[in-house]
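Coordinates as given in structure32.pdb (PDB, C-alpha atoms and all ligand atoms):
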```
ATOM      1  CA  MET A   1     -38.529-227.654 -64.061  1.00  0.00           C
ATOM      2  CA  PRO A   2     -37.456-225.911 -67.263  1.00  0.00           C
ATOM      3  CA  GLN A   3     -40.198-223.729 -68.593  1.00  0.00           C
ATOM      4  CA  VAL A   4     -41.661-224.538 -71.963  1.00  0.00           C
ATOM      5  CA  PRO A   5     -41.915-221.302 -73.941  1.00  0.00           C
ATOM      6  CA  PRO A   6     -45.491-220.435 -74.848  1.00  0.00           C
ATOM      7  CA  SER A   7     -46.607-221.354 -78.343  1.00  0.00           C
ATOM      8  CA  LEU A   8     -47.824-218.856 -80.908  1.00  0.00           C
ATOM      9  CA  ALA A   9     -51.408-219.918 -80.153  1.00  0.00           C
ATOM     10  CA  GLU A  10     -50.856-219.352 -76.436  1.00  0.00           C
ATOM     11  CA  ARG A  11     -49.310-215.923 -76.939  1.00  0.00           C
ATOM     12  CA  LEU A  12     -52.160-214.903 -79.223  1.00  0.00           C
ATOM     13  CA  ALA A  13     -54.757-216.147 -76.730  1.00  0.00           C
ATOM     14  CA  ASP A  14     -52.976-214.384 -73.878  1.00  0.00           C
ATOM     15  CA  VAL A  15     -52.902-211.055 -75.744  1.00  0.00           C
ATOM     16  CA  ASP A  16     -56.555-211.394 -76.699  1.00  0.00           C
ATOM     17  CA  ALA A  17     -57.466-212.119 -73.080  1.00  0.00           C
ATOM     18  CA  ARG A  18     -55.545-209.025 -71.984  1.00  0.00           C
ATOM     19  CA  ILE A  19     -57.351-206.929 -74.616  1.00  0.00           C
ATOM     20  CA  ALA A  20     -60.715-208.251 -73.429  1.00  0.00           C
ATOM     21  CA  ALA A  21     -59.821-207.541 -69.801  1.00  0.00           C
ATOM     22  CA  ALA A  22     -58.636-204.016 -70.604  1.00  0.00           C
ATOM     23  CA  ALA A  23     -61.830-203.388 -72.565  1.00  0.00           C
ATOM     24  CA  GLY A  24     -63.889-204.683 -69.654  1.00  0.00           C
ATOM     25  CA  ARG A  25     -62.150-202.339 -67.209  1.00  0.00           C
ATOM     26  CA  SER A  26     -63.089-199.415 -69.476  1.00  0.00           C
ATOM     27  CA  GLY A  27     -66.635-200.587 -70.052  1.00  0.00           C
ATOM     28  CA  ARG A  28     -65.855-201.203 -73.712  1.00  0.00           C
ATOM     29  CA  ASP A  29     -66.993-204.006 -75.983  1.00  0.00           C
ATOM     30  CA  PRO A  30     -63.894-205.976 -77.099  1.00  0.00           C
ATOM     31  CA  GLY A  31     -65.779-206.660 -80.327  1.00  0.00           C
ATOM     32  CA  GLU A  32     -65.242-203.050 -81.364  1.00  0.00           C
ATOM     33  CA  ILE A  33     -61.457-203.468 -81.154  1.00  0.00           C
ATOM     34  CA  THR A  34     -59.428-204.861 -84.063  1.00  0.00           C
ATOM     35  CA  ARG A  35     -56.226-206.617 -83.087  1.00  0.00           C
ATOM     36  CA  ILE A  36     -53.718-206.361 -85.928  1.00  0.00           C
ATOM     37  CA  VAL A  37     -50.682-208.655 -85.770  1.00  0.00           C
ATOM     38  CA  VAL A  38     -47.487-206.945 -86.927  1.00  0.00           C
ATOM     39  CA  THR A  39     -45.476-209.641 -88.718  1.00  0.00           C
ATOM     40  CA  LYS A  40     -42.476-207.585 -89.877  1.00  0.00           C
ATOM     41  CA  PHE A  41     -39.127-209.426 -90.067  1.00  0.00           C
ATOM     42  CA  HIS A  42     -40.899-212.773 -89.619  1.00  0.00           C
ATOM     43  CA  PRO A  43     -41.191-215.228 -92.506  1.00  0.00           C
ATOM     44  CA  ALA A  44     -44.332-215.614 -94.592  1.00  0.00           C
ATOM     45  CA  GLY A  45     -44.912-218.978 -92.910  1.00  0.00           C
ATOM     46  CA  LEU A  46     -45.733-217.185 -89.673  1.00  0.00           C
ATOM     47  CA  VAL A  47     -48.507-215.272 -91.420  1.00  0.00           C
ATOM     48  CA  ARG A  48     -49.972-218.542 -92.606  1.00  0.00           C
ATOM     49  CA  GLU A  49     -49.783-219.989 -89.106  1.00  0.00           C
ATOM     50  CA  LEU A  50     -51.526-216.913 -87.726  1.00  0.00           C
ATOM     51  CA  ARG A  51     -54.251-217.260 -90.332  1.00  0.00           C
ATOM     52  CA  GLY A  52     -54.710-220.855 -89.186  1.00  0.00           C
ATOM     53  CA  LEU A  53     -55.278-219.485 -85.688  1.00  0.00           C
ATOM     54  CA  GLY A  54     -58.023-217.198 -86.937  1.00  0.00           C
ATOM     55  CA  VAL A  55     -56.063-213.977 -87.437  1.00  0.00           C
ATOM     56  CA  ARG A  56     -57.479-211.794 -90.218  1.00  0.00           C
ATOM     57  CA  ASP A  57     -55.556-208.517 -89.832  1.00  0.00           C
ATOM     58  CA  VAL A  58     -51.795-208.385 -90.326  1.00  0.00           C
ATOM     59  CA  ALA A  59     -49.393-205.477 -90.740  1.00  0.00           C
ATOM     60  CA  GLU A  60     -46.033-204.717 -92.264  1.00  0.00           C
ATOM     61  CA  ASN A  61     -43.935-201.573 -92.069  1.00  0.00           C
ATOM     62  CA  ARG A  62     -41.773-201.861 -95.189  1.00  0.00           C
ATOM     63  CA  GLN A  63     -43.047-201.991 -98.755  1.00  0.00           C
ATOM     64  CA  GLN A  64     -40.470-204.452-100.051  1.00  0.00           C
ATOM     65  CA  GLU A  65     -41.101-206.933 -97.283  1.00  0.00           C
ATOM     66  CA  LEU A  66     -44.864-206.546 -97.661  1.00  0.00           C
ATOM     67  CA  THR A  67     -44.716-207.164-101.409  1.00  0.00           C
ATOM     68  CA  ALA A  68     -42.336-210.122-101.080  1.00  0.00           C
ATOM     69  CA  LYS A  69     -44.331-211.782 -98.303  1.00  0.00           C
ATOM     70  CA  LYS A  70     -47.583-211.412-100.175  1.00  0.00           C
ATOM     71  CA  SER A  71     -46.196-212.946-103.335  1.00  0.00           C
ATOM     72  CA  GLU A  72     -44.683-215.808-101.372  1.00  0.00           C
ATOM     73  CA  LEU A  73     -48.078-216.481 -99.817  1.00  0.00           C
ATOM     74  CA  ALA A  74     -49.858-216.135-103.165  1.00  0.00           C
ATOM     75  CA  ALA A  75     -47.599-218.877-104.555  1.00  0.00           C
ATOM     76  CA  LEU A  76     -48.957-221.281-101.926  1.00  0.00           C
ATOM     77  CA  ASP A  77     -52.322-221.100-103.643  1.00  0.00           C
ATOM     78  CA  ASP A  78     -54.155-221.399-100.323  1.00  0.00           C
ATOM     79  CA  SER A  79     -57.550-219.743-100.592  1.00  0.00           C
ATOM     80  CA  ASP A  80     -57.745-219.403 -96.795  1.00  0.00           C
ATOM     81  CA  LEU A  81     -55.185-216.638 -97.131  1.00  0.00           C
ATOM     82  CA  ASP A  82     -57.448-214.583 -99.404  1.00  0.00           C
ATOM     83  CA  ASP A  83     -59.379-213.025 -96.556  1.00  0.00           C
ATOM     84  CA  LEU A  84     -56.324-211.567 -94.829  1.00  0.00           C
ATOM     85  CA  ARG A  85     -56.458-207.791 -94.511  1.00  0.00           C
ATOM     86  CA  TRP A  86     -53.008-206.262 -94.931  1.00  0.00           C
ATOM     87  CA  HIS A  87     -52.245-203.018 -93.130  1.00  0.00           C
ATOM     88  CA  PHE A  88     -49.270-200.816 -93.959  1.00  0.00           C
ATOM     89  CA  VAL A  89     -47.977-199.080 -90.835  1.00  0.00           C
ATOM     90  CA  GLY A  90     -44.510-197.795 -91.786  1.00  0.00           C
ATOM     91  CA  GLN A  91     -43.071-194.585 -93.147  1.00  0.00           C
ATOM     92  CA  ALA A  92     -43.936-194.437 -96.815  1.00  0.00           C
ATOM     93  CA  GLN A  93     -42.083-192.816 -99.677  1.00  0.00           C
ATOM     94  CA  THR A  94     -44.195-191.400-102.456  1.00  0.00           C
ATOM     95  CA  ASN A  95     -42.457-193.574-105.063  1.00  0.00           C
ATOM     96  CA  LYS A  96     -43.602-196.693-103.189  1.00  0.00           C
ATOM     97  CA  ALA A  97     -47.263-195.705-103.154  1.00  0.00           C
ATOM     98  CA  ARG A  98     -48.206-197.849-106.141  1.00  0.00           C
ATOM     99  CA  ALA A  99     -46.594-200.983-104.705  1.00  0.00           C
ATOM    100  CA  ILE A 100     -48.102-200.390-101.266  1.00  0.00           C
ATOM    101  CA  ARG A 101     -51.518-199.789-102.741  1.00  0.00           C
ATOM    102  CA  GLN A 102     -51.294-203.053-104.678  1.00  0.00           C
ATOM    103  CA  ALA A 103     -50.502-204.985-101.507  1.00  0.00           C
ATOM    104  CA  ALA A 104     -52.351-203.312 -98.639  1.00  0.00           C
ATOM    105  CA  SER A 105     -55.974-202.457 -98.023  1.00  0.00           C
ATOM    106  CA  VAL A 106     -55.313-199.968 -95.225  1.00  0.00           C
ATOM    107  CA  VAL A 107     -52.499-197.414 -94.909  1.00  0.00           C
ATOM    108  CA  HIS A 108     -52.034-196.082 -91.363  1.00  0.00           C
ATOM    109  CA  SER A 109     -49.217-193.650 -92.009  1.00  0.00           C
ATOM    110  CA  ILE A 110     -50.371-190.714 -94.117  1.00  0.00           C
ATOM    111  CA  ASP A 111     -48.406-187.802 -92.680  1.00  0.00           C
ATOM    112  CA  ARG A 112     -48.257-185.216 -95.459  1.00  0.00           C
ATOM    113  CA  PRO A 113     -50.465-183.994 -98.303  1.00  0.00           C
ATOM    114  CA  ARG A 114     -48.014-185.136-100.984  1.00  0.00           C
ATOM    115  CA  LEU A 115     -48.174-188.691 -99.697  1.00  0.00           C
ATOM    116  CA  ALA A 116     -51.976-188.659 -99.859  1.00  0.00           C
ATOM    117  CA  ASP A 117     -51.684-187.357-103.424  1.00  0.00           C
ATOM    118  CA  ALA A 118     -49.240-190.129-104.298  1.00  0.00           C
ATOM    119  CA  PHE A 119     -51.620-192.823-103.031  1.00  0.00           C
ATOM    120  CA  ALA A 120     -54.472-191.254-104.962  1.00  0.00           C
ATOM    121  CA  ALA A 121     -52.406-191.043-108.155  1.00  0.00           C
ATOM    122  CA  ALA A 122     -51.285-194.664-107.678  1.00  0.00           C
ATOM    123  CA  ALA A 123     -54.799-196.041-108.044  1.00  0.00           C
ATOM    124  CA  ALA A 124     -55.466-198.373-110.929  1.00  0.00           C
ATOM    125  CA  GLU A 125     -58.799-197.966-112.685  1.00  0.00           C
ATOM    126  CA  ASP A 126     -60.580-200.772-110.834  1.00  0.00           C
ATOM    127  CA  ASP A 127     -58.944-200.273-107.438  1.00  0.00           C
ATOM    128  CA  PRO A 128     -61.323-200.006-104.507  1.00  0.00           C
ATOM    129  CA  VAL A 129     -61.189-196.871-102.405  1.00  0.00           C
ATOM    130  CA  LEU A 130     -58.169-197.016-100.096  1.00  0.00           C
ATOM    131  CA  ASP A 131     -58.753-196.786 -96.351  1.00  0.00           C
ATOM    132  CA  VAL A 132     -56.221-194.427 -94.788  1.00  0.00           C
ATOM    133  CA  LEU A 133     -55.391-192.976 -91.405  1.00  0.00           C
ATOM    134  CA  VAL A 134     -53.410-189.853 -90.682  1.00  0.00           C
ATOM    135  CA  GLN A 135     -50.431-190.495 -88.456  1.00  0.00           C
ATOM    136  CA  VAL A 136     -49.923-187.908 -85.739  1.00  0.00           C
ATOM    137  CA  ASN A 137     -46.539-187.232 -84.157  1.00  0.00           C
ATOM    138  CA  LEU A 138     -46.966-187.382 -80.370  1.00  0.00           C
ATOM    139  CA  THR A 139     -43.285-186.764 -79.639  1.00  0.00           C
ATOM    140  CA  GLU A 140     -41.243-183.576 -79.294  1.00  0.00           C
ATOM    141  CA  ASP A 141     -39.033-184.746 -82.150  1.00  0.00           C
ATOM    142  CA  ALA A 142     -40.249-183.420 -85.504  1.00  0.00           C
ATOM    143  CA  GLY A 143     -38.103-186.047 -87.229  1.00  0.00           C
ATOM    144  CA  ARG A 144     -40.327-188.862 -85.997  1.00  0.00           C
ATOM    145  CA  GLY A 145     -43.119-190.075 -88.226  1.00  0.00           C
ATOM    146  CA  GLY A 146     -46.424-188.277 -88.248  1.00  0.00           C
ATOM    147  CA  VAL A 147     -47.891-184.887 -88.909  1.00  0.00           C
ATOM    148  CA  GLU A 148     -47.355-182.231 -86.256  1.00  0.00           C
ATOM    149  CA  PRO A 149     -50.598-181.642 -84.337  1.00  0.00           C
ATOM    150  CA  ASP A 150     -50.681-178.034 -85.612  1.00  0.00           C
ATOM    151  CA  SER A 151     -50.970-179.293 -89.181  1.00  0.00           C
ATOM    152  CA  LEU A 152     -53.397-182.124 -88.493  1.00  0.00           C
ATOM    153  CA  ARG A 153     -56.519-180.223 -89.382  1.00  0.00           C
ATOM    154  CA  ALA A 154     -55.149-179.129 -92.766  1.00  0.00           C
ATOM    155  CA  LEU A 155     -53.970-182.660 -93.554  1.00  0.00           C
ATOM    156  CA  ALA A 156     -57.358-184.124 -92.625  1.00  0.00           C
ATOM    157  CA  ASP A 157     -59.058-181.558 -94.886  1.00  0.00           C
ATOM    158  CA  HIS A 158     -56.703-182.494 -97.704  1.00  0.00           C
ATOM    159  CA  VAL A 159     -57.198-186.257 -97.338  1.00  0.00           C
ATOM    160  CA  ALA A 160     -60.969-185.844 -97.046  1.00  0.00           C
ATOM    161  CA  ALA A 161     -60.950-183.984-100.373  1.00  0.00           C
ATOM    162  CA  THR A 162     -58.721-186.513-102.137  1.00  0.00           C
ATOM    163  CA  HIS A 163     -60.511-188.797-104.574  1.00  0.00           C
ATOM    164  CA  GLY A 164     -60.003-192.519-104.054  1.00  0.00           C
ATOM    165  CA  LEU A 165     -59.010-192.282-100.382  1.00  0.00           C
ATOM    166  CA  ARG A 166     -61.339-192.780 -97.437  1.00  0.00           C
ATOM    167  CA  LEU A 167     -60.186-191.123 -94.236  1.00  0.00           C
ATOM    168  CA  ARG A 168     -60.850-193.604 -91.417  1.00  0.00           C
ATOM    169  CA  GLY A 169     -59.113-191.964 -88.483  1.00  0.00           C
ATOM    170  CA  VAL A 170     -55.806-191.367 -86.752  1.00  0.00           C
ATOM    171  CA  MET A 171     -52.736-193.400 -85.902  1.00  0.00           C
ATOM    172  CA  ALA A 172     -49.833-192.806 -83.543  1.00  0.00           C
ATOM    173  CA  VAL A 173     -46.934-194.376 -81.717  1.00  0.00           C
ATOM    174  CA  ALA A 174     -46.464-193.365 -78.070  1.00  0.00           C
ATOM    175  CA  PRO A 175     -43.175-191.576 -77.354  1.00  0.00           C
ATOM    176  CA  LEU A 176     -40.402-193.689 -75.850  1.00  0.00           C
ATOM    177  CA  GLY A 177     -40.010-193.210 -72.149  1.00  0.00           C
ATOM    178  CA  GLY A 178     -43.012-190.945 -71.563  1.00  0.00           C
ATOM    179  CA  SER A 179     -46.440-191.855 -70.260  1.00  0.00           C
ATOM    180  CA  ALA A 180     -48.313-193.806 -72.903  1.00  0.00           C
ATOM    181  CA  ALA A 181     -51.630-193.034 -71.185  1.00  0.00           C
ATOM    182  CA  GLU A 182     -50.969-189.294 -71.411  1.00  0.00           C
ATOM    183  CA  ALA A 183     -49.892-189.558 -75.066  1.00  0.00           C
ATOM    184  CA  PHE A 184     -52.968-191.601 -75.982  1.00  0.00           C
ATOM    185  CA  ALA A 185     -55.206-189.071 -74.234  1.00  0.00           C
ATOM    186  CA  ARG A 186     -53.765-186.444 -76.582  1.00  0.00           C
ATOM    187  CA  LEU A 187     -54.395-188.778 -79.508  1.00  0.00           C
ATOM    188  CA  ALA A 188     -58.049-189.062 -78.463  1.00  0.00           C
ATOM    189  CA  ARG A 189     -58.301-185.262 -78.734  1.00  0.00           C
ATOM    190  CA  HIS A 190     -56.652-185.353 -82.156  1.00  0.00           C
ATOM    191  CA  SER A 191     -59.208-187.989 -83.160  1.00  0.00           C
ATOM    192  CA  ALA A 192     -62.038-185.698 -82.059  1.00  0.00           C
ATOM    193  CA  LEU A 193     -60.599-182.902 -84.217  1.00  0.00           C
ATOM    194  CA  VAL A 194     -60.411-185.185 -87.261  1.00  0.00           C
ATOM    195  CA  ARG A 195     -64.022-186.221 -86.679  1.00  0.00           C
ATOM    196  CA  THR A 196     -65.073-182.595 -87.006  1.00  0.00           C
ATOM    197  CA  VAL A 197     -63.782-182.877 -90.591  1.00  0.00           C
ATOM    198  CA  VAL A 198     -65.017-186.411 -91.331  1.00  0.00           C
ATOM    199  CA  PRO A 199     -67.503-187.687 -88.728  1.00  0.00           C
ATOM    200  CA  GLU A 200     -67.042-191.317 -89.885  1.00  0.00           C
ATOM    201  CA  ALA A 201     -63.279-191.200 -89.293  1.00  0.00           C
ATOM    202  CA  THR A 202     -63.622-193.004 -85.972  1.00  0.00           C
ATOM    203  CA  TRP A 203     -60.643-195.349 -86.063  1.00  0.00           C
ATOM    204  CA  ILE A 204     -57.869-194.825 -83.537  1.00  0.00           C
ATOM    205  CA  SER A 205     -54.831-196.981 -84.331  1.00  0.00           C
ATOM    206  CA  ALA A 206     -52.655-197.048 -81.228  1.00  0.00           C
ATOM    207  CA  GLY A 207     -51.057-199.480 -78.860  1.00  0.00           C
ATOM    208  CA  MET A 208     -48.194-201.910 -79.377  1.00  0.00           C
ATOM    209  CA  THR A 209     -46.742-204.722 -77.260  1.00  0.00           C
ATOM    210  CA  GLY A 210     -45.687-202.400 -74.448  1.00  0.00           C
ATOM    211  CA  ASP A 211     -48.747-200.190 -74.212  1.00  0.00           C
ATOM    212  CA  PHE A 212     -51.827-201.754 -75.785  1.00  0.00           C
ATOM    213  CA  GLU A 213     -53.760-201.876 -72.519  1.00  0.00           C
ATOM    214  CA  GLU A 214     -53.294-198.101 -72.080  1.00  0.00           C
ATOM    215  CA  ALA A 215     -54.401-197.659 -75.691  1.00  0.00           C
ATOM    216  CA  VAL A 216     -57.596-199.629 -75.068  1.00  0.00           C
ATOM    217  CA  ALA A 217     -58.302-197.470 -72.015  1.00  0.00           C
ATOM    218  CA  ALA A 218     -57.862-194.352 -74.182  1.00  0.00           C
ATOM    219  CA  GLY A 219     -60.320-195.548 -76.819  1.00  0.00           C
ATOM    220  CA  ALA A 220     -58.103-197.238 -79.428  1.00  0.00           C
ATOM    221  CA  THR A 221     -60.079-199.180 -82.021  1.00  0.00           C
ATOM    222  CA  HIS A 222     -57.092-200.775 -83.782  1.00  0.00           C
ATOM    223  CA  LEU A 223     -54.125-202.241 -81.898  1.00  0.00           C
ATOM    224  CA  ARG A 224     -50.878-203.004 -83.740  1.00  0.00           C
ATOM    225  CA  ILE A 225     -49.244-205.792 -81.778  1.00  0.00           C
ATOM    226  CA  GLY A 226     -46.026-207.502 -82.816  1.00  0.00           C
ATOM    227  CA  SER A 227     -43.625-209.223 -80.468  1.00  0.00           C
ATOM    228  CA  ALA A 228     -46.104-210.063 -77.683  1.00  0.00           C
ATOM    229  CA  ILE A 229     -47.724-212.384 -80.217  1.00  0.00           C
ATOM    230  CA  THR A 230     -44.992-213.288 -82.698  1.00  0.00           C
ATOM    231  CA  GLY A 231     -42.160-213.628 -80.185  1.00  0.00           C
ATOM    232  CA  ILE A 232     -38.840-211.843 -80.500  1.00  0.00           C
ATOM    233  CA  ARG A 233     -38.333-210.488 -83.996  1.00  0.00           C
ATOM    234  CA  PRO A 234     -35.483-211.970 -86.009  1.00  0.00           C
ATOM    235  CA  THR A 235     -32.944-209.272 -86.793  1.00  0.00           C
ATOM    236  CA  ARG A 236     -33.594-207.590 -90.079  1.00  0.00           C
ATOM    237  CA  GLY A 237     -31.737-209.294 -92.943  1.00  0.00           C
TER     238      GLY A 237
HETATM  239  C1  LIG B   1     -43.283-202.875 -85.185  1.00  0.00           C
HETATM  240  C2  LIG B   1     -44.442-201.981 -85.062  1.00  0.00           C
HETATM  241  C3  LIG B   1     -45.475-202.267 -84.160  1.00  0.00           C
HETATM  242  C4  LIG B   1     -45.476-203.475 -83.235  1.00  0.00           C
HETATM  243  O1  LIG B   1     -44.445-203.380 -82.294  1.00  0.00           O
HETATM  244  P1  LIG B   1     -44.345-204.369 -81.034  1.00  0.00           P
HETATM  245  O2  LIG B   1     -43.703-203.550 -79.994  1.00  0.00           O
HETATM  246  O3  LIG B   1     -43.522-205.530 -81.478  1.00  0.00           O
HETATM  247  O4  LIG B   1     -45.721-204.781 -80.667  1.00  0.00           O
HETATM  248  C5  LIG B   1     -46.560-201.390 -84.111  1.00  0.00           C
HETATM  249  N1  LIG B   1     -46.622-200.291 -84.886  1.00  0.00           N
HETATM  250  C6  LIG B   1     -45.645-199.991 -85.768  1.00  0.00           C
HETATM  251  C7  LIG B   1     -45.778-198.754 -86.580  1.00  0.00           C
HETATM  252  C8  LIG B   1     -44.525-200.815 -85.881  1.00  0.00           C
HETATM  253  O5  LIG B   1     -43.557-200.496 -86.755  1.00  0.00           O
END
```

Turn this file's structure into structure tokens for me.
Ligand SMILES: *Cc1c(COP(=O)(O)O)cnc(C)c1O
Amino acid sequence: MPQVPPSLAERLADVDARIAAAAGRSGRDPGEITRIVVTKFHPAGLVRELRGLGVRDVAENRQQELTAKKSELAALDDSDLDDLRWHFVGQAQTNKARAIRQAASVVHSIDRPRLADAFAAAAAEDDPVLDVLVQVNLTEDAGRGGVEPDSLRALADHVAATHGLRLRGVMAVAPLGGSAAEAFARLARHSALVRTVVPEATWISAGMTGDFEEAVAAGATHLRIGSAITGIRPTRG
């Protein structure tokens, strides 16, 4: 019998069941975990389908794609789409801060003081406070995204003192090839350090398709899951 590939709804349900099971194994309430669907490279129509399945949190990693997808969806004039929360999870350039701020309500990837300043300066007069996370580099490679752990404290101090930004917590990507569980344990310690600066900064954004169960075990509050839900990503155009 040829196998019928699972539908989007089935993949979403399967991931959610795995999140709930992982939470249960750690004695955690799955209700305290936000599952964000990373929709990068997929068409705007997929976002609408996800919304129809009850998804509220979606993420993009490139400003141009985020802006384009949002305007395509806005043109549909479908008020159901209004309650989507858009997360920006990619490397950001300071000159894109205004456009990202217009499109996203959470930025996960603040990794240097100048970028925090750029997001603050990009605020329009009636903009709400922007929720941000500081991205921590868990790899040995300083060229990867994220602040080096040595500079985390200073960056958290800076963001906490920046008007118009609300520091919500930390974000990281586990290193390729290493133990995700070990990396996420380090991230939990980085989170504790940030909470000494801002006690309310309790979010831990960690865990992708390959490692979200380890992230749940390590205390992640926000999972950024792409291909396990969306299917294989189309190649970038
Ligand atoms: C693409 C991406 C994800 C999701 O990756 P998957 O492996 O497809 O789940 C998560 N976080 C960031 C920062 C990404 O760029």

Neighbouring residues of range 12-19 of chain A were defined as those with any atom within 10 Å, considering only C-alpha atoms; residues of the same chain fewer than 6 positions away were excluded. Please report them as a count of residues only. 22

Nearest to ligand LIG 1 (chain B): which of A:Leu165, A:Ala154, A:Val107, A:Ala121 is it, counting all atoms listed in the file?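 Between A:Leu165, A:Ala154, A:Val107, A:Ala121, the residue approaching ligand LIG 1 (chain B) most closely is A:Val107.
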
Report as an MDAnalysis selection string which protein, DNA and RNA residues come within 7 Å of ligand LIG 1 (chain B), using only C-alpha atoms and all ligand atoms. chainID A and resid 38 40 61 89:90 173 208:210 224:228

Using all atoms listed in the file, can you tell me which of A:Gln3, A:Gln93, A:Gln135, A:Thr202 comes closest to Leu155 in chain A?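 Distance minimum relative to Leu155 in chain A lands on A:Gln135.
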
Ground truth for the PyMOL selection byres (((chain A and resi 157) around 10) and not hetatm), written as an mmCIF file with C-alpha atoms, keeping the file's coordinate frame:
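Output saved as result.cif:
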```
data_model
loop_
_atom_site.group_PDB
_atom_site.id
_atom_site.type_symbol
_atom_site.label_atom_id
_atom_site.label_comp_id
_atom_site.auth_asym_id
_atom_site.auth_seq_id
_atom_site.Cartn_x
_atom_site.Cartn_y
_atom_site.Cartn_z
ATOM 1 C CA PRO A 113 -50.465 -183.994 -98.303
ATOM 2 C CA LEU A 152 -53.397 -182.124 -88.493
ATOM 3 C CA ARG A 153 -56.519 -180.223 -89.382
ATOM 4 C CA ALA A 154 -55.149 -179.129 -92.766
ATOM 5 C CA LEU A 155 -53.970 -182.660 -93.554
ATOM 6 C CA ALA A 156 -57.358 -184.124 -92.625
ATOM 7 C CA HIS A 158 -56.703 -182.494 -97.704
ATOM 8 C CA VAL A 159 -57.198 -186.257 -97.338
ATOM 9 C CA ALA A 160 -60.969 -185.844 -97.046
ATOM 10 C CA ALA A 161 -60.950 -183.984 -100.373
ATOM 11 C CA THR A 162 -58.721 -186.513 -102.137
ATOM 12 C CA LEU A 167 -60.186 -191.123 -94.236
ATOM 13 C CA VAL A 194 -60.411 -185.185 -87.261
ATOM 14 C CA THR A 196 -65.073 -182.595 -87.006
ATOM 15 C CA VAL A 197 -63.782 -182.877 -90.591
ATOM 16 C CA VAL A 198 -65.017 -186.411 -91.331
#
```

So what do you get for CA of Val129 in chain A versus CA of Gly164 in chain A, distance-wise?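 Computing it gives 4.8 Å between the two atoms.
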
With all atoms listed in the file as the atoms that count, which of A:Gly24, A:Met171, A:His42, A:Gly31 lies nearest to Gly231 in chain A?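 Closest to Gly231 in chain A, using all atoms listed in the file: A:His42.
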
Expanded to explicit residues, what is the PyMOL selection byres (((chain A and resi 44-46) around 10) and not hetatm) for this file, as a VMD selection string? chain A and resid 8 39 to 43 47 to 52 65 to 66 68 to 73 230

Go ahead and save the residues from that selection, with C-alpha atoms, as a PDB file, keeping the file's coordinate frame.
```
ATOM      1  CA  LEU A   8     -47.824-218.856 -80.908  1.00  0.00           C
ATOM      2  CA  THR A  39     -45.476-209.641 -88.718  1.00  0.00           C
ATOM      3  CA  LYS A  40     -42.476-207.585 -89.877  1.00  0.00           C
ATOM      4  CA  PHE A  41     -39.127-209.426 -90.067  1.00  0.00           C
ATOM      5  CA  HIS A  42     -40.899-212.773 -89.619  1.00  0.00           C
ATOM      6  CA  PRO A  43     -41.191-215.228 -92.506  1.00  0.00           C
ATOM      7  CA  VAL A  47     -48.507-215.272 -91.420  1.00  0.00           C
ATOM      8  CA  ARG A  48     -49.972-218.542 -92.606  1.00  0.00           C
ATOM      9  CA  GLU A  49     -49.783-219.989 -89.106  1.00  0.00           C
ATOM     10  CA  LEU A  50     -51.526-216.913 -87.726  1.00  0.00           C
ATOM     11  CA  ARG A  51     -54.251-217.260 -90.332  1.00  0.00           C
ATOM     12  CA  GLY A  52     -54.710-220.855 -89.186  1.00  0.00           C
ATOM     13  CA  GLU A  65     -41.101-206.933 -97.283  1.00  0.00           C
ATOM     14  CA  LEU A  66     -44.864-206.546 -97.661  1.00  0.00           C
ATOM     15  CA  ALA A  68     -42.336-210.122-101.080  1.00  0.00           C
ATOM     16  CA  LYS A  69     -44.331-211.782 -98.303  1.00  0.00           C
ATOM     17  CA  LYS A  70     -47.583-211.412-100.175  1.00  0.00           C
ATOM     18  CA  SER A  71     -46.196-212.946-103.335  1.00  0.00           C
ATOM     19  CA  GLU A  72     -44.683-215.808-101.372  1.00  0.00           C
ATOM     20  CA  LEU A  73     -48.078-216.481 -99.817  1.00  0.00           C
ATOM     21  CA  THR A 230     -44.992-213.288 -82.698  1.00  0.00           C
TER      22      THR A 230
END
```

d(CA of Arg114 in chain A, CA of Ala59 in chain A) in Å: 22.8 Å

Do you have the CA of Leu187 in chain A-CA of Gly143 in chain A distance handy?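 Computing it gives 18.2 Å between the two atoms.
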
Surrounding residues of Val170 in chain A excluding itself and chain neighbours under 3 positions, 9 Å, all atoms listed in the file, as a PyMOL selection string: chain A and resi 108-109+132-136+167+187-188+190-191+194+201-206

Could you check the closest approach to Thr139 in chain A for each of A:Ala124, A:Leu176, A:Ala104, A:Ile110 and tell me which residue wins, using all atoms listed in the file?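 Distance minimum relative to Thr139 in chain A lands on A:Leu176.
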
My list of candidates is A:Leu130, A:Ala181, A:Leu115, A:Val58. Which is closest to Val147 in chain A when distances are computed with only C-alpha atoms?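 Closest residue, counting only C-alpha atoms: A:Leu115.
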
Axis-aligned box for range 53-72 of chain A, 3 Å per side, centre and edges in Å as lines of an AutoDock Vina configuration file:
```
center_x = -49.2
center_y = -210.5
center_z = -94.5
size_x = 23.6
size_y = 23.9
size_z = 23.6
```

What would the list of residues within 7 Å of (-61.7, -197.9, -70.9) (file frame) look like as a PyMOL selection string, if all atoms listed in the file are what count? chain A and resi 22-23+25-28+216-219
